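Asker: Take a look at this one; I'll ask things after.
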Amino acid sequence: MRESTCVWLGEELDCIFLGEEFDPIEDPKEEDIIGFPLKAVLDVMEQHVKQGGVQVAGCIALSNFALHPSSKLCSDSIRALRRAITEHPKNVLVQRLACKTLKTISDVQNHSSIEKLLSVEVVQRVLKEHAEDAETVKWCCGLLRNLTLHHSTRQSNAVTCITSSLSAMSKFPDNEELQLWCLGALNHLALSNAGCQEILSQNGTSCVRRAMRLFPDGELQGLGRKLLLRLAINDSAGGQVAVMHARLKDVRAQRNGCRVLASLGDPVRRRVVELGAIRVVKSALRAHSRDYHVLLWGCRALDNLAFDSETREEVGDPDGVRLVHAGMWAFPKDLELQRSGLSALSNLALSRDVSKRIGDLNGVEVVHGAMVAFRTDTSVQTTGLSALSLLMQSDDALMRMKYLEGETVVQEAMRHLHDHTSRAVGQKTMGKLTAMQGPKVSRSSSKWFR
């Protein structure tokens, strides 16, 4: 059989390869797929094992065969692909197409035959040799996902598979398909306690969270949440996150969980944030929106978990801001809840984007209402002034405060506060309000007092 026959088989769908054109097979019959042509391809690949062009064409042909619903590639096909990988370690096209074909075969057929004939070490060598080629790495990761379905693979190659998957996720964060397949492999590897501990020790949670931030929709979110939950169960501090997730309707579990998360310090709180602590606190606030203790400790937990610019953005998304506002509005006359809510808002407002979001979602009215309700409480007035100062970043926020007779509220707060910092903050806010020209209305027009 001539080499051009193999070329034709490899490009039967595109009809063009290496400058030659051929007529495609229309509606190929089963015997065309699994009979003579397949055997011919394997024979040519074996006879010309040293020729990279022939191996490339053969890989394409086998890939086409694997995609056909009637095909069932034999072990000889897997051996031919492995031989191509082994004989041409520097040929990126051979490596890429061979791994792609093996991944395709393992998608549609029993993975056990590939597991027996293709060791993980072969895939690891390809990853090491072509670590900078995104497409090759992607197909290798897809192949690892399928291979790690088997317990024997996970048991003997867990560390190397975890390292390779996390490395690929870090190197190619914008490749959604690669991220998806790596998360699939990590979920398989996290079925054991040892696998979870290894992922945690390699800071795998940061890779998972980055992928979930970059691709907020679809299957990837489900795989990410499932993996974080498995990791949380195997983490001493993260166990609380797992309990809250599993027992969402149990109000006592949510109260206790929020209380624990509200009191964590570094580095533990950083670890639980990576394991999804912010998400479970928001779920608790949403599910138990009338329970005082969940609201109190939930606001405190969000305040504690918003410890840097990244976590402030996560806590202070529209959903998080609304949940804090709702908690404060649910118990407007409770001093402790107002203190906790104001502290959370003041902390979140340190981020300029979140500050604008808080203002757009009636945050000025929330802060104003708390300060009016507890005029003589030093903590409320101090935190309220701080929050107002951070919220007064736009003409809209200033106008809202002007409508609420904000100058009076700030002046009354300053009469109760004597420390230099609070007075400086109050004077700065007064200056902004005084410079803003706008009509005043009575307090009864505020949503808070309706």
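For the structure tokens, the naming scheme is as follows: chains receive sequential letters (A, B, ...) according to their order of presentation, residues are indexed from 1 within each chain, and ligands are indexed from 1 in presentation order.
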Do a neighbour search on region 200-205 of chain A at 12 Å with only C-alpha atoms, toss out local chain neighbours closer than 5 positions, and write the hits as a ChimeraX atom specification.

Answerer: /A:159-160,162-170,182-183,186-187,189-190,193-195,210-212,224-236,238,270-276

Asker: How would the residues just chosen look if you wrote them out with C-alpha atoms as a compact mmCIF listing (two decimals), in the first residue's frame?

Answerer:
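And here's out_33.txt as it stands now:
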# COMPACT_ATOMS: atom_id res chain seq x y z
CA VAL A 159 1.07 12.68 42.75
CA THR A 160 2.36 13.00 39.18
CA ILE A 162 -2.07 16.04 40.29
CA THR A 163 1.16 17.93 39.65
CA SER A 164 0.68 17.79 35.88
CA SER A 165 -2.96 18.88 36.04
CA LEU A 166 -2.31 21.83 38.35
CA SER A 167 0.72 22.89 36.31
CA ALA A 168 -1.35 22.87 33.12
CA MET A 169 -4.15 24.87 34.76
CA SER A 170 -1.65 27.49 35.92
CA CYS A 182 -8.02 19.01 34.47
CA LEU A 183 -10.87 19.54 36.94
CA LEU A 186 -8.59 16.22 39.90
CA ASN A 187 -12.10 15.15 40.91
CA LEU A 189 -7.89 11.90 42.12
CA ALA A 190 -9.72 13.52 45.06
CA ASN A 193 -7.96 11.13 51.25
CA ALA A 194 -4.35 11.03 50.10
CA GLY A 195 -5.30 12.62 46.80
CA ARG A 210 -9.26 30.94 39.28
CA ALA A 211 -10.88 28.63 36.72
CA MET A 212 -14.30 29.19 38.29
CA GLY A 224 -15.21 23.11 40.63
CA ARG A 225 -17.79 23.11 43.43
CA LYS A 226 -17.69 19.32 43.70
CA LEU A 227 -13.90 19.34 43.98
CA LEU A 228 -13.82 22.13 46.59
CA LEU A 229 -16.37 20.24 48.67
CA ARG A 230 -14.30 17.05 48.54
CA LEU A 231 -11.21 19.00 49.55
CA ALA A 232 -13.07 20.72 52.38
CA ILE A 233 -14.14 17.40 53.87
CA ASN A 234 -10.47 16.40 54.09
CA ASP A 235 -9.30 19.70 55.60
CA SER A 236 -9.44 20.26 59.37
CA GLY A 238 -12.56 23.30 55.82
CA ARG A 270 -7.32 32.09 53.76
CA ARG A 271 -7.55 28.33 53.39
CA VAL A 272 -11.30 28.15 54.03
CA VAL A 273 -11.93 30.94 51.53
CA GLU A 274 -10.15 28.83 48.93
CA LEU A 275 -12.47 25.96 49.88
CA GLY A 276 -15.65 27.98 49.28

Asker: List every residue of region 248-429 of chain A that DSSP, applied to the backbone of this structure, assigns to alpha helix (DSSP H), and report them as a PyMOL selection string.

Answerer: chain A and resi 251-262+268-274+277-287+292-305+309-315+318-330+335-348+352-360+363-373+378-391+395-403+406-416+420-429

Asker: Distance CA of Arg83 (chain A)-CA of Gln47 (chain A), one decimal place?

Answerer: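 Computing it gives 11.8 Å between the two atoms.
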
Asker: As a PyMOL selection string, please: the residues near region 334-344 of chain A (cut-off 8 Å, only C-alpha atoms, same-chain neighbours under 2 positions excluded).

Answerer: chain A and resi 295-296+299-300+302-303+324-325+327-328+331-332+346-348+367+370+374+379-380+383-384+387

Asker: The selected residues should be written to file as a tab-separated table (two decimals), in the first residue's frame (atoms: C-alpha atoms).

Answerer:
chain	number	residue	atom	x	y	z
A	295	LEU	CA	-27.84	36.99	60.10
A	296	LEU	CA	-25.66	38.26	62.95
A	299	CYS	CA	-22.52	39.35	58.55
A	300	ARG	CA	-19.57	38.91	60.91
A	302	LEU	CA	-18.45	37.90	55.63
A	303	ASP	CA	-16.64	40.78	57.32
A	324	VAL	CA	-25.87	42.30	54.24
A	325	HIS	CA	-28.45	45.01	53.55
A	327	GLY	CA	-29.88	41.37	57.32
A	328	MET	CA	-29.68	44.93	58.63
A	331	PHE	CA	-33.67	43.80	62.46
A	332	PRO	CA	-33.27	47.60	62.22
A	346	SER	CA	-17.22	49.67	55.84
A	347	ASN	CA	-14.73	46.89	55.15
A	348	LEU	CA	-16.16	46.09	51.72
A	367	VAL	CA	-25.83	53.34	56.84
A	370	ALA	CA	-28.34	52.69	61.44
A	374	PHE	CA	-28.34	54.54	67.38
A	379	SER	CA	-19.29	52.04	67.69
A	380	VAL	CA	-22.18	52.63	65.27
A	383	THR	CA	-18.13	52.76	61.77
A	384	GLY	CA	-20.97	54.66	60.12
A	387	ALA	CA	-18.58	53.80	55.74

Asker: In Å, with one decimal, what is the gap from CA of Val56 (chain A) to CA of Ile78 (chain A)?

Answerer: 14.5 Å

Asker: Between A:Pro216, A:Thr153, A:Ser289, A:Val137, which residue has the minimum interatomic distance to Leu178 (chain A), considering only C-alpha atoms?

Answerer: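 Result for the nearest residue to Leu178 (chain A): A:Val137.
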
Asker: So which residues touch Glu219 (chain A) within 8 Å, counting only C-alpha atoms, skipping near sequence neighbours fewer than 3 positions away, as a PyMOL selection string?

Answerer: chain A and resi 180+222-223

Asker: Would you save the residues of that selection, restricted to N, CA and C atoms, as a PDB file, in the first residue's frame?

Answerer:
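Output below, filename part03.pdb:
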ATOM      1  N   LEU A 180     -11.417  22.381  32.103  1.00  0.00           N
ATOM      2  CA  LEU A 180     -12.501  21.431  32.359  1.00  0.00           C
ATOM      3  C   LEU A 180     -11.959  20.016  32.531  1.00  0.00           C
ATOM      4  N   GLY A 222     -19.835  23.257  38.102  1.00  0.00           N
ATOM      5  CA  GLY A 222     -20.232  22.074  38.862  1.00  0.00           C
ATOM      6  C   GLY A 222     -19.038  21.239  39.288  1.00  0.00           C
ATOM      7  N   LEU A 223     -18.087  21.046  38.371  1.00  0.00           N
ATOM      8  CA  LEU A 223     -16.885  20.284  38.715  1.00  0.00           C
ATOM      9  C   LEU A 223     -16.058  21.004  39.768  1.00  0.00           C
TER      10      LEU A 223
END

Asker: Identify, on the basis of only C-alpha atoms, every residue whose closest approach to region 431-435 of chain A does not exceed 8 Å; exclude the query and any residue fewer than 4 positions from it along the same chain; express the result as a PyMOL selection string.

Answerer: chain A and resi 392+398+401-402+406-407+427

Asker: Point out the residue among A:Asn304, A:Gln254, A:Asn146, A:Gln381 with the least atom-to-atom distance to Asp291 (chain A), counting only C-alpha atoms.

Answerer: A:Gln254

Asker: Counting only C-alpha atoms, which residue out of A:Arg286, A:His68, A:Lys50, A:His245 sits closest to His88 (chain A)?

Answerer: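 Among A:Arg286, A:His68, A:Lys50, A:His245, it is A:Lys50 that comes nearest to His88 (chain A).
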
Asker: Write out as an MDAnalysis selection string the residues lying within 8 Å of Val281 (chain A), counting only C-alpha atoms and excluding same-chain residues fewer than 5 positions away.

Answerer: chainID A and resid 258 298 301:302

Asker: Any idea what the distance is between CA of Leu42 (chain A) and CA of Asn64 (chain A)?

Answerer: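 One can read the CA of Leu42 (chain A) to CA of Asn64 (chain A) distance as 13.6 Å.
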
Asker: Applying 9 Å and only C-alpha atoms, which residues near Ile114 (chain A) remain after dropping the ones on its own chain fewer than 4 positions away? List them as an MDAnalysis selection string.

Answerer: chainID A and resid 75 78 102 105:106 110 118:119 147

Asker: Those selected residues, please, written with N, CA and C atoms and delivered as an mmCIF file, in the first residue's frame.

Answerer:
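Ended up saving to result33.cif:
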data_model
loop_
_atom_site.group_PDB
_atom_site.id
_atom_site.type_symbol
_atom_site.label_atom_id
_atom_site.label_comp_id
_atom_site.auth_asym_id
_atom_site.auth_seq_id
_atom_site.Cartn_x
_atom_site.Cartn_y
_atom_site.Cartn_z
ATOM 1 N N SER A 75 -6.723 -3.199 19.988
ATOM 2 C CA SER A 75 -5.513 -2.890 20.749
ATOM 3 C C SER A 75 -4.342 -2.559 19.832
ATOM 4 N N ILE A 78 -4.055 1.156 19.428
ATOM 5 C CA ILE A 78 -3.461 1.824 20.594
ATOM 6 C C ILE A 78 -1.953 1.625 20.597
ATOM 7 N N LEU A 102 -5.893 9.106 21.071
ATOM 8 C CA LEU A 102 -6.053 8.251 22.249
ATOM 9 C C LEU A 102 -7.148 8.779 23.166
ATOM 10 N N ILE A 105 -10.454 7.929 21.475
ATOM 11 C CA ILE A 105 -10.761 6.502 21.647
ATOM 12 C C ILE A 105 -11.277 6.238 23.056
ATOM 13 N N SER A 106 -10.613 6.809 24.046
ATOM 14 C CA SER A 106 -11.013 6.552 25.436
ATOM 15 C C SER A 106 -12.327 7.233 25.790
ATOM 16 N N ASN A 110 -14.183 1.569 25.944
ATOM 17 C CA ASN A 110 -13.754 1.180 27.283
ATOM 18 C C ASN A 110 -12.333 1.676 27.550
ATOM 19 N N LEU A 118 -1.249 1.690 27.593
ATOM 20 C CA LEU A 118 -0.605 3.008 27.590
ATOM 21 C C LEU A 118 -0.403 3.461 29.027
ATOM 22 N N SER A 119 0.817 3.503 29.475
ATOM 23 C CA SER A 119 1.080 3.907 30.854
ATOM 24 C C SER A 119 0.998 5.421 30.990
ATOM 25 N N LEU A 147 -7.920 8.347 31.988
ATOM 26 C CA LEU A 147 -7.115 7.303 32.630
ATOM 27 C C LEU A 147 -7.324 7.271 34.143
#

Asker: Let me make sure I understand: among A:Leu62, A:Gly218, A:Ser389, A:Val120, which one has the smallest atom-to-atom distance to Pro37 (chain A) if we use only C-alpha atoms?

Answerer: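 Of A:Leu62, A:Gly218, A:Ser389, A:Val120, the one nearest Pro37 (chain A), counting only C-alpha atoms, is A:Leu62.
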